[in-house]
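my_file.cif follows (mmCIF, C-alpha atoms):
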```cif
data_entry
#
loop_
_atom_site.label_atom_id
_atom_site.label_comp_id
_atom_site.auth_asym_id
_atom_site.auth_seq_id
_atom_site.Cartn_x
_atom_site.Cartn_y
_atom_site.Cartn_z
CA MET A 753 0.00 0.00 0.00
CA PHE A 754 1.25 3.50 -0.77
CA ASN A 755 1.73 6.31 1.69
CA HIS A 756 1.39 9.96 0.70
CA ASP A 757 3.98 11.95 2.63
CA THR A 758 6.17 15.00 2.34
CA ASN A 759 8.98 12.98 0.78
CA THR A 760 6.65 11.95 -2.04
CA THR A 761 5.68 15.58 -2.56
CA ARG A 762 9.34 16.60 -2.68
CA ARG A 763 10.07 13.88 -5.23
CA ARG A 764 7.16 15.01 -7.39
CA LEU A 765 8.26 18.64 -7.20
CA LEU A 766 11.78 17.59 -8.14
CA LYS A 767 10.46 15.79 -11.20
CA GLY A 768 8.36 18.79 -12.20
CA ALA A 769 11.23 21.19 -11.71
CA LEU A 770 13.57 19.03 -13.79
CA ALA A 771 11.00 18.80 -16.58
CA GLY A 772 10.47 22.53 -16.55
CA LEU A 773 14.21 23.13 -16.86
CA GLY A 774 14.63 20.58 -19.62
CA LEU A 775 17.01 18.55 -17.44
CA PRO A 776 15.77 15.03 -18.20
CA ALA A 777 17.63 15.14 -21.50
CA LEU A 778 20.80 16.30 -19.77
CA THR A 779 20.63 13.69 -17.05
CA GLY A 780 20.07 11.01 -19.66
CA ALA A 781 23.34 12.08 -21.28
CA GLY A 782 25.23 11.39 -18.07
CA LEU A 783 25.30 14.91 -16.61
CA PHE A 784 24.13 15.41 -13.03
CA PRO A 785 23.99 11.65 -12.24
CA ALA A 786 22.81 12.24 -8.67
CA ILE A 787 19.85 14.25 -9.92
CA ALA A 788 19.14 11.59 -12.53
CA ARG A 789 19.03 8.89 -9.84
CA ALA A 790 16.72 11.03 -7.71
CA ALA A 791 14.40 11.59 -10.65
CA ALA A 792 14.38 7.86 -11.44
CA ALA A 793 13.52 7.06 -7.82
CA ALA A 794 10.68 9.58 -7.94
CA ALA A 795 9.30 7.96 -11.09
CA ALA A 796 9.38 4.45 -9.61
CA ASP A 797 7.66 5.47 -6.38
CA ASP A 798 5.11 7.93 -7.73
CA ARG A 799 3.54 6.39 -10.81
CA ILE A 800 0.38 7.51 -12.58
CA LEU A 801 -2.30 5.34 -14.18
CA VAL A 802 -4.55 6.77 -16.88
CA VAL A 803 -7.63 4.86 -18.06
CA LEU A 804 -9.24 5.55 -21.45
CA GLU A 805 -12.71 4.12 -22.07
CA LEU A 806 -13.90 3.58 -25.66
CA SER A 807 -17.65 3.63 -25.13
CA GLY A 808 -20.08 1.84 -27.42
CA GLY A 809 -18.27 -1.46 -27.91
CA ASN A 810 -15.20 -1.10 -30.12
CA ASP A 811 -14.89 -3.75 -32.86
CA GLY A 812 -11.69 -5.51 -31.87
CA LEU A 813 -11.56 -7.71 -34.99
CA ASN A 814 -11.30 -4.65 -37.24
CA THR A 815 -8.87 -2.95 -34.83
CA VAL A 816 -6.26 -5.70 -34.50
CA VAL A 817 -7.10 -7.68 -37.63
CA PRO A 818 -6.32 -11.44 -37.74
CA TYR A 819 -5.60 -11.32 -41.46
CA GLY A 820 -3.76 -14.65 -41.26
CA ASP A 821 -7.01 -16.47 -40.40
CA ASP A 822 -9.25 -17.27 -43.39
CA ALA A 823 -12.25 -17.54 -41.05
CA TYR A 824 -12.09 -13.78 -40.54
CA TYR A 825 -12.79 -13.16 -44.24
CA ARG A 826 -15.52 -15.78 -44.37
CA LEU A 827 -17.29 -14.00 -41.51
CA ARG A 828 -16.72 -10.55 -42.99
CA PRO A 829 -16.76 -10.74 -46.79
CA GLU A 830 -17.65 -7.03 -47.14
CA ILE A 831 -16.24 -5.20 -44.10
CA GLY A 832 -13.17 -7.40 -43.63
CA LEU A 833 -9.97 -5.39 -44.08
CA ARG A 834 -7.64 -6.66 -46.80
CA ALA A 835 -4.14 -7.68 -45.77
CA ASP A 836 -2.42 -5.23 -48.12
CA ALA A 837 -4.24 -2.29 -46.48
CA LEU A 838 -3.17 -3.12 -42.90
CA ARG A 839 -0.33 -1.88 -40.74
CA LYS A 840 1.13 -5.33 -40.19
CA LEU A 841 2.40 -6.33 -36.76
CA ASP A 842 3.52 -9.85 -37.73
CA ASP A 843 2.50 -12.65 -40.08
CA HIS A 844 -0.94 -13.02 -38.50
CA TYR A 845 -2.11 -9.61 -37.18
CA GLY A 846 -2.26 -6.08 -38.56
CA PHE A 847 -3.56 -2.79 -37.22
CA ASN A 848 -6.47 -1.00 -38.86
CA PRO A 849 -5.10 1.52 -41.42
CA GLY A 850 -6.22 4.38 -39.15
CA LEU A 851 -3.92 3.36 -36.31
CA ALA A 852 -0.70 5.08 -37.32
CA GLY A 853 -0.09 6.24 -33.76
CA PHE A 854 -0.60 2.77 -32.35
CA GLU A 855 1.75 1.33 -34.98
CA ARG A 856 4.51 3.67 -33.80
CA LEU A 857 3.95 2.70 -30.16
CA TRP A 858 3.98 -0.98 -31.10
CA LYS A 859 7.23 -0.68 -33.05
CA ASP A 860 8.81 1.15 -30.13
CA GLY A 861 7.85 -1.77 -27.87
CA HIS A 862 5.56 0.38 -25.74
CA MET A 863 2.20 -1.33 -26.41
CA ALA A 864 0.80 -4.59 -25.06
CA ILE A 865 -2.27 -6.10 -26.73
CA VAL A 866 -4.23 -8.41 -24.42
CA HIS A 867 -6.48 -10.78 -26.37
CA GLY A 868 -9.85 -12.31 -25.55
CA CYS A 869 -10.84 -10.06 -22.62
CA GLY A 870 -14.32 -10.46 -21.18
CA TYR A 871 -16.28 -12.16 -18.41
CA ASP A 872 -18.65 -15.06 -17.83
CA GLN A 873 -22.31 -14.75 -18.86
CA PRO A 874 -21.73 -11.51 -20.79
CA SER A 875 -24.34 -8.80 -21.10
CA PHE A 876 -25.06 -7.27 -24.50
CA SER A 877 -26.48 -4.12 -22.89
CA HIS A 878 -24.22 -1.06 -23.04
CA PHE A 879 -25.47 0.09 -19.63
CA SER A 880 -25.12 -3.22 -17.81
CA SER A 881 -21.84 -4.29 -19.36
CA MET A 882 -20.22 -0.90 -18.75
CA ALA A 883 -21.39 -1.03 -15.14
CA TYR A 884 -19.67 -4.40 -14.77
CA TRP A 885 -16.43 -3.00 -16.18
CA HIS A 886 -16.75 0.15 -14.05
CA THR A 887 -17.22 -1.82 -10.84
CA ALA A 888 -15.15 -4.90 -11.78
CA ALA A 889 -18.11 -6.93 -10.56
CA PRO A 890 -19.72 -8.77 -13.52
CA GLY A 891 -23.26 -9.96 -12.96
CA GLY A 892 -23.87 -7.85 -9.90
CA GLY A 893 -22.10 -4.54 -9.76
CA ASP A 894 -21.02 -2.63 -6.67
CA ASP A 895 -21.74 0.65 -4.90
CA TYR A 896 -18.23 1.86 -5.74
CA GLY A 897 -16.13 1.79 -8.90
CA TRP A 898 -12.94 -0.22 -9.20
CA PHE A 899 -10.91 2.96 -9.79
CA GLY A 900 -12.47 4.54 -6.72
CA ARG A 901 -11.70 1.45 -4.65
CA LEU A 902 -8.14 1.61 -5.97
CA ALA A 903 -7.89 5.19 -4.70
CA ASP A 904 -9.11 4.00 -1.30
CA GLN A 905 -6.42 1.32 -1.29
CA ILE A 906 -3.64 3.69 -2.31
CA ALA A 907 -4.59 6.28 0.32
CA PRO A 908 -6.92 4.95 3.05
CA TYR A 909 -7.78 8.50 4.13
CA ALA A 910 -9.16 11.54 2.33
CA SER A 911 -6.40 12.88 0.07
CA PRO A 912 -7.24 15.94 -2.06
CA ASN A 913 -6.92 15.64 -5.84
CA LEU A 914 -5.78 12.00 -5.85
CA LEU A 915 -8.37 11.08 -8.50
CA ILE A 916 -9.43 13.08 -11.58
CA ASN A 917 -12.23 12.22 -14.01
CA ILE A 918 -12.33 14.15 -17.30
CA ASP A 919 -16.04 14.25 -18.15
CA ALA A 920 -19.16 16.36 -17.83
CA THR A 921 -20.53 13.92 -15.25
CA GLN A 922 -18.84 11.53 -12.85
CA SER A 923 -18.22 7.97 -14.03
CA LEU A 924 -19.25 5.09 -11.80
CA ALA A 925 -15.68 3.80 -12.17
CA VAL A 926 -14.30 6.61 -9.99
CA LYS A 927 -16.92 6.50 -7.24
CA SER A 928 -14.99 6.12 -4.00
CA ARG A 929 -15.84 5.55 -0.36
CA LEU A 930 -13.11 7.87 0.91
CA HIS A 931 -12.16 10.20 -1.93
CA THR A 932 -14.09 12.89 -3.76
CA PRO A 933 -13.07 12.70 -7.43
CA VAL A 934 -12.29 15.93 -9.23
CA VAL A 935 -14.64 15.90 -12.23
CA PHE A 936 -14.44 18.45 -15.03
CA ASP A 937 -14.75 18.71 -18.79
CA ASP A 938 -13.89 22.34 -19.56
CA PRO A 939 -11.02 23.54 -17.31
CA ASP A 940 -11.68 27.23 -18.03
CA ASN A 941 -15.22 26.94 -16.63
CA PHE A 942 -14.47 24.49 -13.83
CA MET A 943 -16.08 26.00 -10.70
CA ARG A 944 -19.09 25.50 -8.48
CA GLN A 945 -22.29 26.53 -10.20
CA GLY A 946 -24.39 29.40 -8.87
CA TRP A 947 -25.79 32.85 -9.51
CA PRO A 948 -23.20 35.68 -9.74
CA GLN A 949 -24.69 37.35 -6.66
CA GLU A 950 -24.07 34.11 -4.72
CA ARG A 951 -20.40 33.86 -5.76
CA HIS A 952 -19.02 35.28 -2.50
CA LEU A 953 -21.08 32.80 -0.51
CA LEU A 954 -19.98 29.82 -2.59
CA ASP A 955 -16.33 30.81 -2.45
CA GLY A 956 -16.36 31.71 1.21
CA ILE A 957 -16.09 28.69 3.52
CA ALA A 958 -16.37 28.89 7.28
CA GLU A 959 -13.12 27.77 8.86
CA LYS A 960 -14.84 26.66 12.06
CA ALA A 961 -17.72 24.24 12.26
CA GLN A 962 -18.33 24.99 15.96
CA GLY A 963 -18.42 21.34 17.03
CA ASN A 964 -20.73 20.23 14.22
CA PRO A 965 -19.16 17.17 12.49
CA SER A 966 -21.62 17.25 9.59
CA LEU A 967 -20.91 20.91 8.91
CA ALA A 968 -17.17 20.25 9.19
CA TYR A 969 -17.46 17.50 6.59
CA LEU A 970 -19.41 19.72 4.20
CA ASN A 971 -16.89 22.52 4.70
CA ASP A 972 -14.05 20.12 3.87
CA VAL A 973 -15.79 18.98 0.68
CA ALA A 974 -16.52 22.58 -0.35
CA ARG A 975 -12.95 23.66 0.38
CA SER A 976 -11.56 20.74 -1.59
CA ALA A 977 -13.80 21.56 -4.57
CA ARG A 978 -12.82 25.21 -4.48
CA ASP A 979 -9.11 24.48 -4.26
CA ALA A 980 -9.26 21.78 -6.94
CA SER A 981 -11.06 24.03 -9.40
CA ALA A 982 -8.46 26.75 -8.89
CA LEU A 983 -5.60 24.27 -9.39
CA VAL A 984 -7.11 22.85 -12.58
CA ARG A 985 -7.85 26.27 -14.09
CA GLU A 986 -4.32 27.44 -13.36
CA ALA A 987 -2.81 24.23 -14.76
CA TRP A 988 -4.78 24.60 -17.98
CA GLN A 989 -3.99 28.29 -18.39
CA ARG A 990 -0.26 27.64 -17.97
CA TYR A 991 -0.17 24.59 -20.21
CA ARG A 992 1.44 24.96 -23.63
CA THR A 993 2.32 22.08 -25.93
CA PRO A 994 3.57 21.68 -29.50
CA MET A 995 1.83 18.30 -29.74
CA ASP A 996 -1.15 17.90 -32.06
CA TYR A 997 -3.85 15.89 -30.27
CA GLY A 998 -5.94 15.71 -33.42
CA ILE A 999 -9.66 16.20 -33.96
CA ASN A 1000 -10.70 14.63 -30.63
CA ASP A 1001 -8.24 15.04 -27.77
CA LEU A 1002 -10.24 12.58 -25.59
CA GLY A 1003 -9.40 14.71 -22.55
CA LEU A 1004 -5.80 13.49 -22.70
CA ASN A 1005 -4.42 17.01 -23.23
CA LYS A 1006 -6.20 18.10 -20.05
CA ILE A 1007 -4.57 15.22 -18.20
CA ALA A 1008 -1.22 16.28 -19.64
CA ALA A 1009 -1.81 19.81 -18.32
CA CYS A 1010 -2.47 18.47 -14.82
CA ILE A 1011 0.65 16.29 -14.93
CA ALA A 1012 2.72 19.22 -16.23
CA ALA A 1013 1.48 21.31 -13.29
CA VAL A 1014 2.69 18.61 -10.86
CA LEU A 1015 -0.73 18.00 -9.34
CA PRO A 1016 -0.69 15.20 -6.72
CA THR A 1017 -3.07 13.12 -8.85
CA ARG A 1018 -2.17 9.43 -9.26
CA LEU A 1019 -5.30 8.23 -11.08
CA TYR A 1020 -6.90 9.76 -14.18
CA TYR A 1021 -10.04 8.52 -15.99
CA THR A 1022 -11.32 9.75 -19.35
CA ALA A 1023 -13.50 8.42 -22.17
CA TYR A 1024 -14.40 8.55 -25.85
CA ARG A 1025 -18.03 9.24 -25.00
CA ASN A 1026 -21.54 8.97 -26.41
CA ASN A 1027 -21.33 5.31 -27.49
CA ALA A 1028 -19.15 6.44 -30.38
CA PHE A 1029 -18.00 2.89 -31.20
CA ASP A 1030 -21.51 1.43 -31.56
CA THR A 1031 -21.04 0.75 -35.27
CA HIS A 1032 -24.18 -1.13 -36.35
CA VAL A 1033 -24.42 0.45 -39.81
CA GLN A 1034 -21.83 1.15 -42.53
CA GLN A 1035 -19.03 0.52 -40.10
CA LYS A 1036 -15.89 0.39 -42.21
CA ALA A 1037 -15.07 4.05 -42.89
CA LEU A 1038 -16.59 5.37 -39.65
CA HIS A 1039 -14.66 2.90 -37.53
CA GLN A 1040 -11.38 3.81 -39.21
CA ARG A 1041 -11.99 7.51 -38.47
CA LEU A 1042 -12.78 6.78 -34.81
CA LEU A 1043 -9.60 4.74 -34.48
CA THR A 1044 -7.56 7.47 -36.16
CA TYR A 1045 -8.85 10.07 -33.68
CA THR A 1046 -8.07 7.71 -30.80
CA ALA A 1047 -4.55 6.81 -31.93
CA ASP A 1048 -3.67 10.43 -32.75
CA ALA A 1049 -4.69 11.59 -29.27
CA VAL A 1050 -2.93 8.69 -27.50
CA MET A 1051 0.29 9.16 -29.46
CA ALA A 1052 0.30 12.92 -28.81
CA PHE A 1053 -0.23 12.27 -25.09
CA MET A 1054 2.67 9.82 -24.89
CA ARG A 1055 4.93 12.25 -26.78
CA ASP A 1056 3.82 15.01 -24.43
CA MET A 1057 4.84 12.86 -21.47
CA GLU A 1058 8.28 12.42 -23.06
CA ARG A 1059 8.55 16.18 -23.61
CA LEU A 1060 7.64 16.85 -19.97
CA GLY A 1061 10.05 14.24 -18.65
CA GLN A 1062 7.13 12.28 -17.21
CA ALA A 1063 6.99 9.25 -19.54
CA ASP A 1064 8.61 6.97 -16.95
CA ARG A 1065 5.77 7.76 -14.53
CA VAL A 1066 2.75 7.22 -16.78
CA ALA A 1067 0.93 4.14 -18.10
CA LEU A 1068 -2.31 4.09 -20.09
CA LEU A 1069 -4.98 1.36 -20.01
CA VAL A 1070 -7.52 1.28 -22.86
CA PHE A 1071 -10.74 -0.78 -22.88
CA SER A 1072 -14.27 -1.01 -24.30
CA GLU A 1073 -17.32 -2.55 -22.62
CA PHE A 1074 -17.56 -5.39 -25.15
CA GLY A 1075 -16.47 -6.35 -28.65
CA ARG A 1076 -18.68 -6.96 -31.69
CA ARG A 1077 -20.06 -10.15 -33.19
CA PRO A 1078 -17.52 -11.68 -35.58
CA LYS A 1079 -20.03 -11.97 -38.43
CA GLU A 1080 -20.95 -8.76 -40.22
CA ASN A 1081 -24.64 -7.82 -40.31
CA ALA A 1082 -26.87 -6.99 -43.28
CA ASN A 1083 -26.22 -3.25 -42.80
CA LEU A 1084 -22.46 -3.64 -43.33
CA GLY A 1085 -21.89 -3.11 -39.62
CA THR A 1086 -21.50 -5.30 -36.56
CA ASP A 1087 -23.73 -6.00 -33.58
CA HIS A 1088 -22.99 -6.23 -29.87
CA GLY A 1089 -20.61 -9.05 -29.05
CA THR A 1090 -18.38 -10.35 -26.30
CA ALA A 1091 -14.60 -10.81 -26.06
CA ASN A 1092 -12.33 -7.93 -27.02
CA HIS A 1093 -8.79 -6.59 -26.75
CA MET A 1094 -7.44 -4.40 -23.99
CA TYR A 1095 -4.30 -2.31 -24.36
CA LEU A 1096 -1.56 -1.24 -21.96
CA ILE A 1097 0.69 1.54 -23.22
CA GLY A 1098 3.78 3.22 -21.81
CA LYS A 1099 7.57 3.17 -21.56
CA GLY A 1100 7.38 0.64 -18.74
CA VAL A 1101 5.41 -1.83 -20.89
CA ARG A 1102 6.91 -4.98 -22.37
CA GLY A 1103 5.27 -4.72 -25.77
CA GLY A 1104 3.70 -7.69 -27.51
CA HIS A 1105 0.71 -10.03 -27.57
CA TYR A 1106 -0.68 -11.42 -24.32
CA GLY A 1107 -3.32 -14.05 -23.78
CA GLN A 1108 -4.97 -16.37 -26.27
CA ALA A 1109 -7.05 -15.03 -29.12
CA PRO A 1110 -10.59 -16.48 -29.20
CA SER A 1111 -11.35 -18.94 -31.97
CA LEU A 1112 -13.24 -17.58 -34.99
CA THR A 1113 -14.74 -21.00 -35.71
CA ALA A 1114 -15.67 -22.31 -32.24
CA LEU A 1115 -18.31 -19.71 -31.38
CA ASP A 1116 -20.98 -19.52 -28.69
CA ASP A 1117 -24.26 -18.72 -30.47
CA GLY A 1118 -22.29 -16.69 -32.99
CA ASN A 1119 -20.14 -14.91 -30.40
CA LEU A 1120 -16.50 -15.14 -29.42
CA ILE A 1121 -15.70 -17.05 -26.23
CA HIS A 1122 -13.54 -14.96 -23.92
CA THR A 1123 -10.19 -16.38 -22.88
CA MET A 1124 -9.07 -13.71 -20.38
CA ASP A 1125 -10.99 -12.28 -17.44
CA PHE A 1126 -10.68 -8.51 -17.86
CA ARG A 1127 -9.93 -8.17 -14.15
CA ARG A 1128 -6.53 -9.79 -14.77
CA VAL A 1129 -5.63 -6.70 -16.81
CA TYR A 1130 -6.83 -4.44 -14.00
CA ALA A 1131 -4.70 -6.49 -11.60
CA THR A 1132 -1.73 -6.13 -13.96
CA ALA A 1133 -2.03 -2.33 -13.91
CA MET A 1134 -2.38 -2.22 -10.14
CA GLU A 1135 0.31 -4.70 -9.13
CA GLY A 1136 2.66 -4.50 -12.11
CA TRP A 1137 2.57 -0.76 -12.62
CA LEU A 1138 1.40 0.91 -9.41
CA ASN A 1139 3.28 -1.65 -7.28
CA LEU A 1140 0.23 -2.38 -5.15
CA THR A 1141 1.13 -5.31 -2.95
CA SER A 1142 -2.13 -7.03 -3.82
CA SER A 1143 -5.15 -6.10 -5.93
CA ASP A 1144 -7.38 -8.66 -4.17
CA ALA A 1145 -9.17 -6.12 -1.98
CA VAL A 1146 -9.94 -3.85 -4.93
CA LEU A 1147 -11.14 -6.68 -7.19
CA LYS A 1148 -12.70 -8.73 -4.37
CA GLY A 1149 -10.84 -11.84 -5.44
CA ARG A 1150 -7.55 -13.05 -6.82
CA PHE A 1151 -6.81 -12.34 -10.49
CA GLU A 1152 -3.31 -13.21 -11.58
CA PRO A 1153 -1.43 -10.31 -13.20
CA LEU A 1154 0.23 -10.65 -16.59
CA PRO A 1155 3.99 -10.06 -17.02
CA VAL A 1156 3.44 -6.84 -18.96
CA PHE A 1157 5.55 -4.50 -16.85
CA ALA A 1158 9.28 -4.71 -16.25
#
```

Can you turn what I pasted into structure tokens?
Amino acid sequence: MFNHDTNTTRRRLLKGALAGLGLPALTGAGLFPAIARAAAAAAADDRILVVLELSGGNDGLNTVVPYGDDAYYRLRPEIGLRADALRKLDDHYGFNPGLAGFERLWKDGHMAIVHGCGYDQPSFSHFSSMAYWHTAAPGGGDDYGWFGRLADQIAPYASPNLLINIDATQSLAVKSRLHTPVVFDDPDNFMRQGWPQERHLLDGIAEKAQGNPSLAYLNDVARSARDASALVREAWQRYRTPMDYGINDLGLNKIAACIAAVLPTRLYYTAYRNNAFDTHVQQKALHQRLLTYTADAVMAFMRDMERLGQADRVALLVFSEFGRRPKENANLGTDHGTANHMYLIGKGVRGGHYGQAPSLTALDDGNLIHTMDFRRVYATAMEGWLNLTSSDAVLKGRFEPLPVFA
């Protein structure tokens, strides 16, 4: 379990100061070795996990295409992607043509593809399946999200700004028993809502609750919200980057701004919203555009982390609530399915394929049979990246991590 203390804060400030001075490049060249070792220690002990949700059910088979399997083309005679159009990973798989950014990350060895992710008795409902992924409790759900429970495990006491959710409304995934997530979409307008004439009342918080525990708690929440909104607005106003995040930044540039400002946040959650990947009709061109927007934003974010000297601290987990049926439908799209890929991205990742790909011929009522419980990937991020001693309490059971992280 982690402890937040003044030493951690000093290490984080050291990292931020070095990044601001451009010293990571110097230390990497052998200058200032003592500072380089201190920065490396800070990175190892103060890691950040970012989760990106692709809502709507991304079609994994047209994302990482098994072009070496003839069954794929029998199932998808019209929307199947031809081998000569793919960004080939090896003699069996190729990325969708839109995934130039992912191809670069793969070639650099910084992307792990985990095959066959899902859960028993899958739901084909967006709402139910996403709730299962948000809570890591398939078939039942939970009052709190898995990311919120992770925050509780990292810091078993209220810790301001530990958890940030980039969205207009709070995701169930970040709901925590102990921590109040910072939730915002537009940093410039991130503040408590109210009439202008009430502004002084909203911003003014009584410092004494006069022996009233309930009032003290509300004051603490209000103070935390006020301080967080000020920190986020300042971080965004100061943030400048040469990186092009593309048409849809997916909130990743806002996360980069918070990291650049050395906020104490360890956990970030963002999403490609509005069921964008629910491609029932005329999927082929639309899906490629969605993947292009996603890969452009992810690649820009990872380059931004390099520029800021923070790449050693940050890992990204990407998921969707389910895959699509392997057989194309009559509308040249795909319908709700089951097993899918998950992705882990970052400098600390051992790139490659993990898990067993589901068979395209041995189907369950036309659907893929999952080969990997998705909670193993959550466990991998928690234990392998965040160095949590055990993820059992968060996931309410034992799920063996994969050897993705060095």

Might you pull out every residue within 10 Å of A:Trp858, with all atoms listed in the file counted and same-chain residues fewer than 6 positions away left off, and present them as a VMD selection string?
chain A and resid 841 847 852 864 to 865 1097 1103 to 1104

Counting all atoms listed in the file, the option among A:Glu1080, A:Gly1098, A:Val1033, A:Ala1158 closest to A:Ala1063
A:Gly1098

Go through A:Asn913, A:Ser1111, A:Thr1044, A:Asn1026 one by one, measure the shortest atom-to-atom distance of each to A:Asp821 using all atoms listed in the file, and give the residue with the smallest value.
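When distances to A:Asp821 are compared using all atoms listed in the file, the smallest one comes from A:Ser1111.
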
Can you pull out every residue within 8 Å of A:Asn917, counting all atoms listed in the file, but drop anything in the same chain fewer than 3 positions away, and send it as a list in words?
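Within the cut-off, the hits are Gln922, Ser923, Val926, Pro933, Val934, Val935, Phe936, Tyr1020, Tyr1021 and Thr1022 of chain A.
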
Distance in Å - atom CA of A:Cys1010 versus atom CA of A:Ala987
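Rounded to one decimal, the two atoms are 5.8 Å apart.
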
Pick from A:Asp798, A:Glu1058, A:Asp872, A:Asp811, whichever lies nearest to A:Asp1125 using all atoms listed in the file:
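Among A:Asp798, A:Glu1058, A:Asp872, A:Asp811, it is A:Asp872 that comes nearest to A:Asp1125.
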
Since the input lacks some atoms of stretch 919-931 of chain A, please model N, CA and C atoms and print them as a PDB file, in the coordinates of the input.
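Once written, rebuild-v2.pdb looks like this:
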```pdb
ATOM      1  N   ASP A 919     -14.696  14.522 -17.596  1.00  0.00           N
ATOM      2  CA  ASP A 919     -16.040  14.250 -18.150  1.00  0.00           C
ATOM      3  C   ASP A 919     -16.981  15.319 -17.636  1.00  0.00           C
ATOM      4  N   ALA A 920     -18.141  15.419 -18.288  1.00  0.00           N
ATOM      5  CA  ALA A 920     -19.160  16.360 -17.830  1.00  0.00           C
ATOM      6  C   ALA A 920     -19.864  15.849 -16.586  1.00  0.00           C
ATOM      7  N   THR A 921     -19.927  14.529 -16.428  1.00  0.00           N
ATOM      8  CA  THR A 921     -20.530  13.920 -15.250  1.00  0.00           C
ATOM      9  C   THR A 921     -19.605  12.818 -14.736  1.00  0.00           C
ATOM     10  N   GLN A 922     -19.738  12.504 -13.461  1.00  0.00           N
ATOM     11  CA  GLN A 922     -18.840  11.530 -12.850  1.00  0.00           C
ATOM     12  C   GLN A 922     -19.141  10.116 -13.322  1.00  0.00           C
ATOM     13  N   SER A 923     -18.084   9.377 -13.665  1.00  0.00           N
ATOM     14  CA  SER A 923     -18.220   7.970 -14.030  1.00  0.00           C
ATOM     15  C   SER A 923     -18.369   7.121 -12.779  1.00  0.00           C
ATOM     16  N   LEU A 924     -19.140   6.050 -12.896  1.00  0.00           N
ATOM     17  CA  LEU A 924     -19.250   5.090 -11.800  1.00  0.00           C
ATOM     18  C   LEU A 924     -17.890   4.514 -11.442  1.00  0.00           C
ATOM     19  N   ALA A 925     -17.004   4.403 -12.409  1.00  0.00           N
ATOM     20  CA  ALA A 925     -15.680   3.800 -12.170  1.00  0.00           C
ATOM     21  C   ALA A 925     -14.911   4.523 -11.087  1.00  0.00           C
ATOM     22  N   VAL A 926     -15.098   5.833 -10.933  1.00  0.00           N
ATOM     23  CA  VAL A 926     -14.300   6.610  -9.990  1.00  0.00           C
ATOM     24  C   VAL A 926     -15.005   6.845  -8.666  1.00  0.00           C
ATOM     25  N   LYS A 927     -16.199   6.304  -8.494  1.00  0.00           N
ATOM     26  CA  LYS A 927     -16.920   6.500  -7.240  1.00  0.00           C
ATOM     27  C   LYS A 927     -16.171   5.815  -6.110  1.00  0.00           C
ATOM     28  N   SER A 928     -15.872   6.577  -5.068  1.00  0.00           N
ATOM     29  CA  SER A 928     -14.990   6.120  -4.000  1.00  0.00           C
ATOM     30  C   SER A 928     -15.673   6.294  -2.642  1.00  0.00           C
ATOM     31  N   ARG A 929     -15.314   5.431  -1.725  1.00  0.00           N
ATOM     32  CA  ARG A 929     -15.840   5.550  -0.360  1.00  0.00           C
ATOM     33  C   ARG A 929     -15.171   6.682   0.398  1.00  0.00           C
ATOM     34  N   LEU A 930     -13.887   6.922   0.124  1.00  0.00           N
ATOM     35  CA  LEU A 930     -13.110   7.870   0.910  1.00  0.00           C
ATOM     36  C   LEU A 930     -12.754   9.145   0.167  1.00  0.00           C
ATOM     37  N   HIS A 931     -12.683   9.079  -1.159  1.00  0.00           N
ATOM     38  CA  HIS A 931     -12.160  10.200  -1.930  1.00  0.00           C
ATOM     39  C   HIS A 931     -13.255  10.840  -2.777  1.00  0.00           C
TER      40      HIS A 931
END
```
